[in-house]
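The data block below is my_file04.txt; it holds compact mmCIF, C-alpha atoms.
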# COMPACT_ATOMS: atom_id res chain seq x y z
CA MET N 1 41.78 62.23 -37.92
CA ALA N 2 44.50 59.69 -37.12
CA PRO N 3 44.72 58.72 -33.44
CA LYS N 4 47.31 60.71 -31.48
CA LEU N 5 47.28 58.12 -28.69
CA LEU N 6 47.32 54.34 -28.97
CA PRO N 7 43.68 53.28 -29.60
CA ILE N 8 43.54 50.96 -26.60
CA GLN N 9 40.09 49.43 -26.38
CA VAL N 10 37.98 49.85 -23.25
CA ARG N 11 37.57 46.45 -21.57
CA GLY N 12 34.14 45.03 -20.79
CA ARG N 13 32.22 47.47 -22.97
CA GLY N 14 28.49 46.75 -23.15
CA THR N 15 28.45 44.73 -19.94
CA ALA N 16 28.25 45.36 -16.21
CA GLU N 17 31.98 44.58 -16.09
CA ILE N 18 33.06 47.66 -18.03
CA GLU N 19 36.44 49.15 -17.16
CA SER N 20 36.54 52.24 -14.95
CA LEU N 21 37.89 55.50 -16.37
CA HIS N 22 40.78 55.57 -13.91
CA SER N 23 41.74 52.02 -14.88
CA TYR N 24 41.74 52.97 -18.56
CA ILE N 25 44.00 55.99 -17.97
CA HIS N 26 46.48 53.95 -15.91
CA ARG N 27 46.45 51.11 -18.47
CA SER N 28 47.02 53.60 -21.28
CA ALA N 29 49.98 55.11 -19.42
CA TYR N 30 51.53 51.64 -19.11
CA HIS N 31 51.14 51.00 -22.86
CA HIS N 32 52.71 54.38 -23.66
CA ASN N 33 55.56 53.61 -21.22
CA VAL N 34 55.11 56.87 -19.32
CA PHE N 35 53.83 57.95 -15.91
CA VAL N 36 50.15 58.75 -15.63
CA GLY N 37 50.93 62.43 -15.02
CA VAL N 38 52.99 62.64 -18.23
CA LEU N 39 50.16 61.08 -20.23
CA LEU N 40 47.60 63.50 -18.78
CA LYS N 41 49.81 66.51 -19.54
CA TYR N 42 50.33 65.32 -23.10
CA MET N 43 46.59 64.83 -23.55
CA ASP N 44 45.86 68.28 -22.15
CA ARG N 45 48.49 69.94 -24.36
CA GLU N 46 47.30 68.21 -27.55
CA ILE N 47 43.65 69.04 -26.90
CA LYS N 48 44.37 72.72 -26.25
CA ARG N 49 46.41 72.91 -29.46
CA ASP N 50 43.68 71.29 -31.56
CA SER N 51 41.17 73.84 -32.81
CA ASP N 52 38.91 71.05 -34.12
CA PHE N 53 38.29 69.49 -30.70
CA PRO N 54 34.48 69.41 -30.39
CA GLY N 55 34.22 69.01 -26.62
CA HIS N 56 34.51 71.40 -23.70
CA ILE N 57 38.10 72.19 -22.73
CA GLY N 58 38.59 71.86 -18.99
CA CYS N 59 41.27 72.57 -16.41
CA LEU N 60 43.61 69.70 -15.53
CA PRO N 61 44.62 69.52 -11.83
CA SER N 62 48.07 68.38 -10.72
CA TYR N 63 46.65 65.19 -9.19
CA ILE N 64 43.35 63.39 -9.79
CA HIS N 65 41.68 61.37 -7.05
CA HIS N 66 39.68 58.30 -8.01
CA GLN N 67 36.33 59.53 -6.76
CA ASP N 68 36.78 62.84 -8.61
CA ILE N 69 36.25 61.26 -12.03
CA LEU N 70 34.04 58.30 -11.14
CA ARG N 71 31.00 60.58 -11.19
CA LYS N 72 29.83 63.18 -13.68
CA ASN N 73 31.55 66.56 -13.48
CA SER N 74 33.49 68.90 -15.74
CA LEU N 75 36.78 67.06 -15.13
CA SER N 76 35.44 63.59 -15.95
CA ASP N 77 33.64 64.95 -19.03
CA TYR N 78 36.88 66.60 -20.18
CA LEU N 79 38.90 63.39 -19.75
CA ILE N 80 36.30 61.19 -21.46
CA ASP N 81 35.92 63.58 -24.40
CA SER N 82 39.69 64.15 -24.71
CA PHE N 83 40.82 60.52 -24.56
CA GLY N 84 37.94 59.55 -26.82
CA TYR N 85 38.97 62.21 -29.35
CA LEU N 86 42.69 61.33 -29.28
CA THR N 87 42.05 57.56 -29.55
CA CYS N 88 39.11 57.82 -31.98
CA GLN N 89 36.72 55.82 -29.79
CA SER N 90 34.02 56.44 -27.20
CA LEU N 91 34.79 56.19 -23.49
CA ARG N 92 31.19 56.77 -22.45
CA GLY N 93 30.10 54.48 -19.65
CA THR N 94 33.52 54.24 -17.97
CA ASN N 95 32.30 56.33 -15.04
CA ALA N 96 29.07 56.49 -13.06
CA SER N 97 27.77 59.47 -15.02
CA PHE N 98 24.35 59.17 -13.39
CA LEU N 99 25.99 60.51 -10.21
CA ASN N 100 25.89 64.32 -10.08
CA ALA N 101 23.62 64.25 -13.15
CA GLN N 102 20.32 62.60 -12.28
CA LEU N 103 21.38 61.66 -8.74
CA ASN N 104 23.38 63.20 -5.94
CA MET N 105 26.17 61.13 -4.47
CA SER N 106 25.86 60.35 -0.79
CA ARG N 107 28.99 60.54 1.31
CA GLY N 108 31.03 57.37 1.03
CA GLU N 109 29.30 55.87 -2.02
CA LEU N 110 32.54 55.38 -3.98
CA SER N 111 35.87 53.88 -2.98
CA SER N 112 38.83 56.27 -2.80
CA GLY N 113 41.18 53.81 -4.52
CA PHE N 114 41.35 50.73 -6.71
CA ARG N 115 39.66 47.53 -5.53
CA TRP N 116 39.77 44.18 -7.29
CA CYS N 117 38.78 40.53 -7.18
CA SER N 118 41.83 38.25 -7.07
CA GLU N 119 39.86 35.48 -8.81
CA CYS N 120 38.92 37.79 -11.69
CA MET N 121 42.56 38.87 -12.03
CA ALA N 122 43.63 35.21 -12.14
CA GLU N 123 41.06 34.39 -14.82
CA MET N 124 42.12 37.34 -17.00
CA MET N 125 45.76 36.25 -16.89
CA GLU N 126 44.96 32.58 -17.53
CA LEU N 127 42.90 33.54 -20.58
CA GLY N 128 45.70 35.78 -21.86
CA GLU N 129 43.64 38.94 -21.40
CA GLU N 130 45.03 42.18 -20.10
CA PRO N 131 43.96 42.78 -16.46
CA TYR N 132 41.90 45.86 -15.63
CA PHE N 133 39.83 47.32 -12.79
CA LYS N 134 36.05 47.19 -13.21
CA LEU N 135 33.76 50.13 -12.54
CA ILE N 136 31.46 48.08 -10.29
CA TRP N 137 34.39 47.39 -7.95
CA GLN N 138 34.47 51.09 -7.07
CA PHE N 139 31.03 51.13 -5.41
CA LYS N 140 31.43 50.62 -1.67
CA ALA N 141 28.03 48.92 -1.49
CA ILE N 142 29.44 46.11 -3.66
CA GLN N 143 31.56 44.28 -1.09
CA GLY N 144 32.10 41.04 -2.97
CA CYS N 145 32.68 39.88 -6.52
CA PRO N 146 29.28 39.00 -8.04
CA ILE N 147 30.92 36.20 -10.06
CA HIS N 148 33.21 34.50 -7.54
CA ARG N 149 31.51 35.63 -4.30
CA THR N 150 34.85 36.58 -2.75
CA SER N 151 35.64 39.81 -0.92
CA LEU N 152 37.26 42.59 -2.89
CA VAL N 153 40.91 43.44 -2.18
CA ARG N 154 42.26 47.00 -1.96
CA ALA N 155 45.99 46.45 -1.24
CA CYS N 156 48.76 44.12 -2.38
CA ILE N 157 48.84 40.93 -0.30
CA ASN N 158 52.65 40.91 -0.36
CA CYS N 159 53.60 44.52 0.49
CA GLY N 160 50.32 46.22 1.40
CA CYS N 161 50.66 48.82 -1.36
CA THR N 162 47.55 50.33 -2.93
CA GLN N 163 47.66 50.57 -6.71
CA ASN N 164 46.95 54.31 -6.91
CA SER N 165 50.49 55.34 -7.86
CA TYR N 166 50.96 57.44 -11.00
CA GLN N 167 54.03 55.33 -11.77
CA ARG N 168 53.13 52.41 -14.05
CA VAL N 169 56.03 49.95 -14.35
CA SER N 170 53.90 46.82 -14.85
CA HIS N 171 50.50 45.93 -16.22
CA LEU N 172 47.52 46.32 -13.90
CA GLY N 173 47.68 42.67 -12.83
CA LYS N 174 50.92 43.25 -10.90
CA CYS N 175 51.73 45.39 -7.88
CA GLN N 176 53.47 48.58 -8.99
CA GLN N 177 55.78 48.47 -5.97
CA CYS N 178 56.87 44.85 -5.49
CA SER N 179 55.69 43.31 -8.80
CA SER N 180 53.75 40.63 -6.93
CA SER N 181 50.71 39.32 -8.80
CA LEU N 182 47.34 40.75 -7.78
CA ARG N 183 45.86 37.31 -8.38
CA ARG N 184 47.19 36.28 -4.98
CA LYS N 185 44.37 35.69 -2.52
CA PRO N 186 44.19 36.85 1.09
CA LYS N 187 44.52 34.09 3.66
CA LYS N 188 40.96 34.78 4.75
CA ASN N 189 38.75 35.64 1.80
CA PRO N 190 35.27 34.47 2.79
CA ILE N 191 32.56 33.43 0.37
CA ARG N 192 29.77 36.02 0.43
CA GLU N 193 26.05 35.53 0.06
CA LEU N 194 24.83 37.18 -3.13
CA THR N 195 21.44 37.95 -1.62
CA ASP N 196 22.95 41.26 -0.54
CA ASN N 197 25.65 42.39 -2.91
CA ALA N 198 24.06 45.55 -4.31
CA THR N 199 22.74 43.72 -7.36
CA ASP N 200 20.59 46.77 -8.11
CA LEU N 201 23.76 48.83 -8.69
CA ILE N 202 25.28 46.11 -10.85
CA GLN N 203 22.10 46.04 -12.93
CA LEU N 204 22.17 49.84 -13.23
CA VAL N 205 25.74 49.78 -14.58
CA TYR N 206 24.66 47.15 -17.13
CA ASP N 207 21.51 49.07 -18.13
CA TRP N 208 23.57 52.23 -18.50
CA GLN N 209 25.84 50.40 -20.95
CA MET N 210 22.87 49.16 -22.98
CA PHE N 211 20.76 52.32 -23.12
CA SER N 212 22.95 55.32 -22.24
CA ASP N 213 23.41 56.22 -25.93
CA GLN N 214 19.70 56.91 -26.10
CA HIS N 215 18.42 60.30 -25.03
CA ILE N 216 17.71 60.20 -21.31
CA SER N 217 16.11 63.28 -19.83
CA PRO N 218 18.08 64.89 -16.99
CA TYR N 219 14.71 65.19 -15.28
CA GLY N 220 13.87 61.49 -15.58
CA ILE N 221 13.49 61.05 -11.82
CA SER N 222 11.16 64.05 -11.63
CA ILE N 223 9.06 62.56 -14.45
CA SER N 224 8.92 59.18 -12.70
CA LEU N 225 7.93 60.67 -9.35
CA ASN N 226 5.23 62.91 -10.81
CA LYS N 227 3.65 60.03 -12.72
CA LEU N 228 3.79 57.79 -9.65
CA LEU N 229 2.25 60.49 -7.47
CA ASP N 230 -0.56 60.99 -9.98
CA SER N 231 -1.18 57.25 -10.01
CA TYR N 232 -1.37 56.91 -6.24
CA ARG N 233 -3.48 60.03 -5.86
CA LEU N 234 -6.09 58.36 -8.04
CA GLN N 235 -5.99 55.40 -5.65
CA ASN N 236 -6.25 57.71 -2.61
CA LYS N 237 -2.94 56.32 -1.39
CA GLU N 238 -0.85 59.48 -1.67
CA GLU N 239 0.01 59.70 2.05
CA ASP N 240 1.09 56.07 2.09
CA PHE N 241 3.35 56.74 -0.87
CA TYR N 242 5.05 59.62 0.96
CA ARG N 243 6.06 57.22 3.72
CA LEU N 244 8.41 55.43 1.34
CA LEU N 245 10.96 58.19 1.95
CA SER N 246 9.48 61.42 3.22
CA ARG N 247 7.00 63.90 1.84
CA GLY N 248 9.59 66.68 1.69
CA ARG N 249 12.24 64.72 -0.19
CA LEU N 250 9.81 63.23 -2.68
CA LEU N 251 8.05 66.52 -3.48
CA SER N 252 11.33 68.42 -3.68
CA ALA N 253 12.71 65.90 -6.20
CA ALA N 254 9.43 65.80 -8.11
CA ASN N 255 9.44 69.60 -8.43
CA LYS N 256 13.12 69.63 -9.57
CA LYS N 257 14.22 71.63 -6.52
CA THR N 258 16.67 68.99 -5.34
CA LYS N 259 18.02 65.65 -6.53
CA LEU N 260 17.55 62.33 -4.83
CA SER N 261 20.71 60.79 -3.44
CA LEU N 262 21.81 57.42 -4.80
CA SER N 263 20.94 55.90 -1.43
CA ASP N 264 17.38 57.30 -1.49
CA ALA N 265 16.91 56.24 -5.11
CA ARG N 266 17.94 52.69 -4.23
CA LYS N 267 15.51 52.58 -1.30
CA LEU N 268 12.66 53.93 -3.40
CA SER N 269 13.31 51.54 -6.29
CA PHE N 270 13.62 48.60 -3.91
CA GLN N 271 10.24 49.29 -2.34
CA LEU N 272 8.57 49.96 -5.69
CA GLY N 273 9.98 46.78 -7.16
CA ILE N 274 11.53 48.52 -10.15
CA SER N 275 15.04 48.96 -11.48
CA LEU N 276 17.11 52.05 -10.81
CA PHE N 277 17.36 52.69 -14.54
CA ASP N 278 13.57 52.79 -14.89
CA LEU N 279 13.43 55.36 -12.09
CA ILE N 280 16.19 57.48 -13.62
CA SER N 281 14.86 57.29 -17.18
CA GLY N 282 11.33 58.41 -16.26
CA ASN N 283 9.78 55.01 -16.92
CA ALA N 284 8.91 54.06 -13.33
CA ALA N 285 5.13 54.42 -13.68
CA ASN N 286 5.09 52.08 -16.67
CA THR N 287 6.94 49.25 -14.94
CA SER N 288 5.77 49.47 -11.33
CA HIS N 289 3.46 46.48 -10.93
CA ARG N 290 4.74 44.93 -7.73
CA PHE N 291 4.23 47.81 -5.33
CA ASP N 292 1.87 46.97 -2.49
CA LEU N 293 1.51 49.56 0.24
CA ASN N 294 0.59 46.84 2.71
CA ASP N 295 3.85 44.98 2.16
CA SER N 296 6.79 45.62 4.43
CA HIS N 297 10.32 45.46 3.04
CA ASP N 298 13.51 45.37 5.07
CA PHE N 299 16.38 47.13 3.36
CA PRO N 300 19.45 44.99 2.62
CA SER N 301 22.51 45.87 4.69
CA SER N 302 24.35 47.17 1.61
CA PHE N 303 21.97 50.15 1.47
CA SER N 304 23.65 53.27 2.78
CA HIS N 305 21.98 54.66 5.85
CA ALA N 306 21.81 58.37 6.51
CA SER N 307 25.06 59.47 8.10
CA VAL N 308 24.88 61.08 11.50
CA ARG N 309 25.81 64.72 11.24
CA ASP N 310 28.80 65.70 13.35
CA VAL N 311 27.58 68.78 15.21
CA LYS N 312 30.55 70.67 16.64
CA ASP N 313 30.55 72.80 19.76
CA HIS N 314 31.76 76.03 18.14
CA LYS N 315 32.21 77.87 21.44
CA SER N 316 34.37 75.08 22.84
CA VAL N 317 36.46 74.94 19.67
CA LEU N 318 36.94 78.74 19.76
CA LYS N 319 37.98 78.60 23.42
CA ASN N 320 40.58 75.89 22.74
CA LEU N 321 41.74 77.77 19.65
CA LYS N 322 42.39 80.94 21.65
CA GLU N 323 44.24 78.98 24.33
CA LEU N 324 46.50 77.44 21.71
CA SER N 325 47.09 80.80 20.04
CA GLU N 326 48.01 82.52 23.31
CA SER N 327 50.15 79.74 24.79
CA ASP N 328 53.90 80.16 25.27
CA VAL N 329 54.80 76.95 23.44
CA ALA N 330 56.16 77.06 19.91
CA PRO N 331 53.39 78.13 17.51
CA MET N 332 51.85 75.43 15.35
CA SER N 333 50.90 75.60 11.70
CA LEU N 334 47.25 75.92 10.74
CA LYS N 335 47.20 72.26 9.74
CA GLY N 336 48.78 71.23 13.05
CA THR N 337 46.33 73.40 14.97
CA ALA N 338 43.35 71.82 13.18
CA LYS N 339 44.69 68.34 13.92
CA LYS N 340 45.21 69.25 17.59
CA LEU N 341 41.61 70.48 17.86
CA GLY N 342 40.19 67.52 15.94
CA VAL N 343 38.66 69.63 13.16
CA SER N 344 39.47 70.35 9.52
CA VAL N 345 41.40 73.31 8.15
CA GLY N 346 38.37 74.26 6.07
CA TYR N 347 36.20 74.37 9.19
CA LEU N 348 38.60 76.80 10.91
CA GLU N 349 38.89 79.00 7.81
CA TYR N 350 35.11 79.18 7.43
CA ARG N 351 34.13 79.52 11.09
CA PHE N 352 37.02 81.56 12.57
CA PRO N 353 38.75 83.55 9.78
CA ALA N 354 40.15 86.21 12.14
CA GLN N 355 41.80 83.63 14.40
CA VAL N 356 43.13 81.78 11.37
CA ARG N 357 44.92 84.93 10.16
CA LEU N 358 46.50 85.34 13.61
CA ILE N 359 47.63 81.70 13.63
CA VAL N 360 49.12 81.95 10.14
CA ASN N 361 50.89 85.26 10.87
CA ARG N 362 52.21 84.04 14.22
CA TYR N 363 53.51 80.81 12.72
CA GLN N 364 55.14 82.63 9.80
CA SER N 365 56.81 85.07 12.22
CA TYR N 366 58.04 82.11 14.25
CA LEU N 367 59.49 80.46 11.12
CA ASP N 368 61.23 83.71 10.11
CA GLN N 369 62.77 84.17 13.57
CA ASP N 370 63.81 80.53 13.72
CA HIS N 371 65.48 80.87 10.33
CA LEU N 372 67.42 83.95 11.46
CA ARG N 373 68.47 82.14 14.64
CA LYS N 374 69.82 79.21 12.65
CA VAL N 375 71.66 81.48 10.21
CA TYR N 376 73.22 83.45 13.08
CA LEU N 377 74.26 80.23 14.85
CA ALA N 378 75.80 78.84 11.67
CA GLN N 379 77.75 82.05 11.00
CA THR N 380 78.97 82.24 14.60
CA ARG N 381 80.17 78.62 14.66
CA ALA N 382 81.82 78.96 11.23
CA LEU N 383 83.75 82.09 12.23
CA GLN N 384 84.76 80.50 15.54
CA TYR N 385 86.02 77.40 13.71
CA PHE N 386 88.23 79.35 11.30
CA LEU N 387 89.53 81.62 14.10
CA ASP N 388 90.57 78.55 16.09
CA VAL N 389 92.21 77.07 13.00
CA SER N 390 94.12 80.32 12.34
CA GLU N 391 95.43 80.45 15.90
CA ASN N 392 96.64 76.85 15.60
CA ARG N 393 98.09 77.61 12.13
CA ALA N 394 96.35 74.58 10.66
CA ALA N 395 94.99 74.22 7.12
CA LYS N 396 91.52 75.73 6.67
CA SER N 397 89.23 72.90 5.51
CA ARG N 398 85.64 73.78 4.64
CA LYS N 399 84.77 70.09 4.42
CA HIS N 400 86.02 69.45 7.95
CA ALA N 401 84.27 72.61 9.15
CA TYR N 402 80.97 71.38 7.73
CA LYS N 403 81.36 67.94 9.31
CA GLN N 404 82.24 69.33 12.76
CA ILE N 405 79.59 72.07 12.86
CA ARG N 406 76.92 69.70 11.51
CA GLU N 407 77.65 67.22 14.32
CA GLU N 408 77.53 69.97 16.95
CA THR N 409 74.43 71.85 15.78
CA GLY N 410 72.45 69.55 13.49
CA LEU N 411 71.77 72.49 11.17
CA PRO N 412 70.78 71.72 7.56
CA LYS N 413 73.34 71.66 4.79
CA TRP N 414 71.95 74.64 2.85
CA ILE N 415 72.41 76.94 5.86
CA LEU N 416 75.84 75.63 6.88
CA LYS N 417 77.25 75.67 3.36
CA LYS N 418 76.56 79.38 2.86
CA ALA N 419 77.76 80.36 6.36
CA ILE N 420 81.01 78.37 6.02
CA GLN N 421 81.71 79.83 2.58
CA THR N 422 81.17 83.39 3.86
CA ALA N 423 83.41 82.82 6.90
CA TYR N 424 86.10 81.15 4.78
CA GLN N 425 86.23 84.07 2.35
CA ALA N 426 86.41 86.54 5.24
CA MET N 427 89.33 84.71 6.88
CA THR N 428 91.42 84.15 3.75
In structure tokens, write the structure found in this file.
Amino acid sequence: MAPKLLPIQVRGRGTAEIESLHSYIHRSAYHHNVFVGVLLKYMDREIKRDSDFPGHIGCLPSYIHHQDILRKNSLSDYLIDSFGYLTCQSLRGTNASFLNAQLNMSRGELSSGFRWCSECMAEMMELGEEPYFKLIWQFKAIQGCPIHRTSLVRACINCGCTQNSYQRVSHLGKCQQCSSSLRRKPKKNPIRELTDNATDLIQLVYDWQMFSDQHISPYGISISLNKLLDSYRLQNKEEDFYRLLSRGRLLSAANKKTKLSLSDARKLSFQLGISLFDLISGNAANTSHRFDLNDSHDFPSSFSHASVRDVKDHKSVLKNLKELSESDVAPMSLKGTAKKLGVSVGYLEYRFPAQVRLIVNRYQSYLDQDHLRKVYLAQTRALQYFLDVSENRAAKSRKHAYKQIREETGLPKWILKKAIQTAYQAMT
């Protein structure tokens, strides 16, 4: 099959510097001279028309957030298969497919937008290469460029714009808003020590490029843990092994009941002295030669710590919710109510569905009454204007009527225009 999209090559393939999936889609949109949304719609339409498409056809949302396709899920699989099919190449490895597959993603593991190294951008342009955003830059644990040891940037130095816009008017090395070069460095861009720059994650991305085409069992972590547990049981060191994380988490992952989070997998691999890929691929027991239960290891600061759960006082929230609902002030929308209470809309819908219905109905009733009030006011002022004009025997000007009533009432154009037209027809 001939490519239906330009066969733009994925940058950095086979290395730890491979291009992220989001970067590839944005770069492809620039080469096709269309917005990202237009490219995605075209891809979706062509795939659904093609009966020979071998992959799973998914549902395309109206907007795609970065973190939605940086891990393995039905949407990222659909995009990788579709763009690969339409460009006649493989896009495997452009996202962290080990997340949501072998590992769970802890909260805050991935950046919500593009990040880049200004030095890397400068080098790409000087060498005449097309700039792109690397997958490793999207991991929050990687705070600095492993090559140049400078902090990663997430907004244009000139205008402060993030590069997440669907509009692609320049290549990825320029700001899409002000066209300033992304090679520009912040005034303060400190050199970072590479002793703690999540090198284990960088190595995992590289290993995934080298070996991901091979068959890797989705239960690789379970295989690794079971073999390790058997080994340490023979040494009568089972209880010591459980202290690496916790007995519950290790046994649950070993028995395939739950998945380890990326954070827990990093901690376990660090203490065992093995790579993350060995743990994921089920090869941990064959490579673990450095583990000494008597050794003590301090985790690097880049390791994600367990987030403190925000426990809400449901009774207090309900009390405040009722007070807001019963107050005499103008009703607020559900979103405004949630913001006022310091909670999310989803929390209110899940915890207090009855109160949510009252809030929504009350706010809708308020909007309907407010609309009728504005329409009545516009009609009254329009009729009064044309009556005054008739008494003074002056020319009836709808344009002047709109200008005068708009200044007096501040009502929107779409309400005034209809009211003035109705009054004008009635008076002529």
Write out as a tab-separated table (two decimals) with C-alpha atoms, in the coordinates of the input the residues lying within 12 Å of Leu341 (chain N), counting only C-alpha atoms and excluding same-chain residues fewer than 6 positions away.
chain	number	residue	atom	x	y	z
N	312	LYS	CA	30.55	70.67	16.64
N	313	ASP	CA	30.55	72.80	19.76
N	314	HIS	CA	31.76	76.03	18.14
N	316	SER	CA	34.37	75.08	22.84
N	317	VAL	CA	36.46	74.94	19.67
N	318	LEU	CA	36.94	78.74	19.76
N	319	LYS	CA	37.98	78.60	23.42
N	320	ASN	CA	40.58	75.89	22.74
N	321	LEU	CA	41.74	77.77	19.65
N	322	LYS	CA	42.39	80.94	21.65
N	323	GLU	CA	44.24	78.98	24.33
N	324	LEU	CA	46.50	77.44	21.71
N	325	SER	CA	47.09	80.80	20.04
N	332	MET	CA	51.85	75.43	15.35
N	334	LEU	CA	47.25	75.92	10.74
N	335	LYS	CA	47.20	72.26	9.74
N	347	TYR	CA	36.20	74.37	9.19
N	348	LEU	CA	38.60	76.80	10.91
One decimal place gives the CA of Gly336 (chain N)-CA of Tyr363 (chain N) separation as 10.7 Å
Counting only C-alpha atoms, which residues have an atom no more than 12 Å from (36.8, 72.0, -25.8) in the file's coordinates? Please list them as a compact mmCIF listing (two decimals) with C-alpha atoms, in the coordinates of the input.
# COMPACT_ATOMS: atom_id res chain seq x y z
CA ASP N 44 45.86 68.28 -22.15
CA ARG N 45 48.49 69.94 -24.36
CA GLU N 46 47.30 68.21 -27.55
CA ILE N 47 43.65 69.04 -26.90
CA LYS N 48 44.37 72.72 -26.25
CA ARG N 49 46.41 72.91 -29.46
CA ASP N 50 43.68 71.29 -31.56
CA SER N 51 41.17 73.84 -32.81
CA ASP N 52 38.91 71.05 -34.12
CA PHE N 53 38.29 69.49 -30.70
CA PRO N 54 34.48 69.41 -30.39
CA GLY N 55 34.22 69.01 -26.62
CA HIS N 56 34.51 71.40 -23.70
CA ILE N 57 38.10 72.19 -22.73
CA GLY N 58 38.59 71.86 -18.99
CA CYS N 59 41.27 72.57 -16.41
CA SER N 74 33.49 68.90 -15.74
CA LEU N 75 36.78 67.06 -15.13
CA ASP N 77 33.64 64.95 -19.03
CA TYR N 78 36.88 66.60 -20.18
CA LEU N 79 38.90 63.39 -19.75
CA ILE N 80 36.30 61.19 -21.46
CA ASP N 81 35.92 63.58 -24.40
CA SER N 82 39.69 64.15 -24.71
CA TYR N 85 38.97 62.21 -29.35
Closest of N:Leu387, N:Ala253, N:Met124, N:Leu411 to Arg373 (chain N), counting all atoms listed in the file, is N:Leu411
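Going from CA of Val360 (chain N) over to CA of Lys418 (chain N), you cover 28.5 Å.
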Using all atoms listed in the file, the best pick from N:Ser252, N:Asp264, N:Lys227, N:Gln235 as closest to Asn286 (chain N) would be N:Lys227
As AutoDock Vina command-line options, what would the box around region 366-373 of chain N look like: edges along x, y and z, 4 Å added on every side, centre and edge lengths in Å to one decimal?
--center_x 63.3 --center_y 82.3 --center_z 12.4 --size_x 18.4 --size_y 11.7 --size_z 12.5
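Those DNA, RNA and protein residues that approach the point (44.6, 36.0, -2.1) to within 12 Å, considering all atoms listed in the file, are Trp116, Cys117, Ser118, Glu119, Cys120, Met121, Ala122, Thr150, Ser151, Leu152, Val153, Arg154, Ala155, Cys156, Ile157, Asn158, Ser180, Ser181, Leu182, Arg183, Arg184, Lys185, Pro186, Lys187, Lys188, Asn189 and Pro190 of chain N.
Between CA of Ile221 (chain N) and CA of Arg249 (chain N) there is a distance of 12.3 Å.
Distances to Glu123 (chain N) were evaluated for N:His32, N:Lys174, N:Ala378, N:His148 using all atoms listed in the file, and the minimum falls at N:His148.
The residue that comes closest to Tyr232 (chain N), out of N:Ile69, N:Leu383, N:Ala285, N:Leu245 and on the basis of only C-alpha atoms, is N:Ala285.
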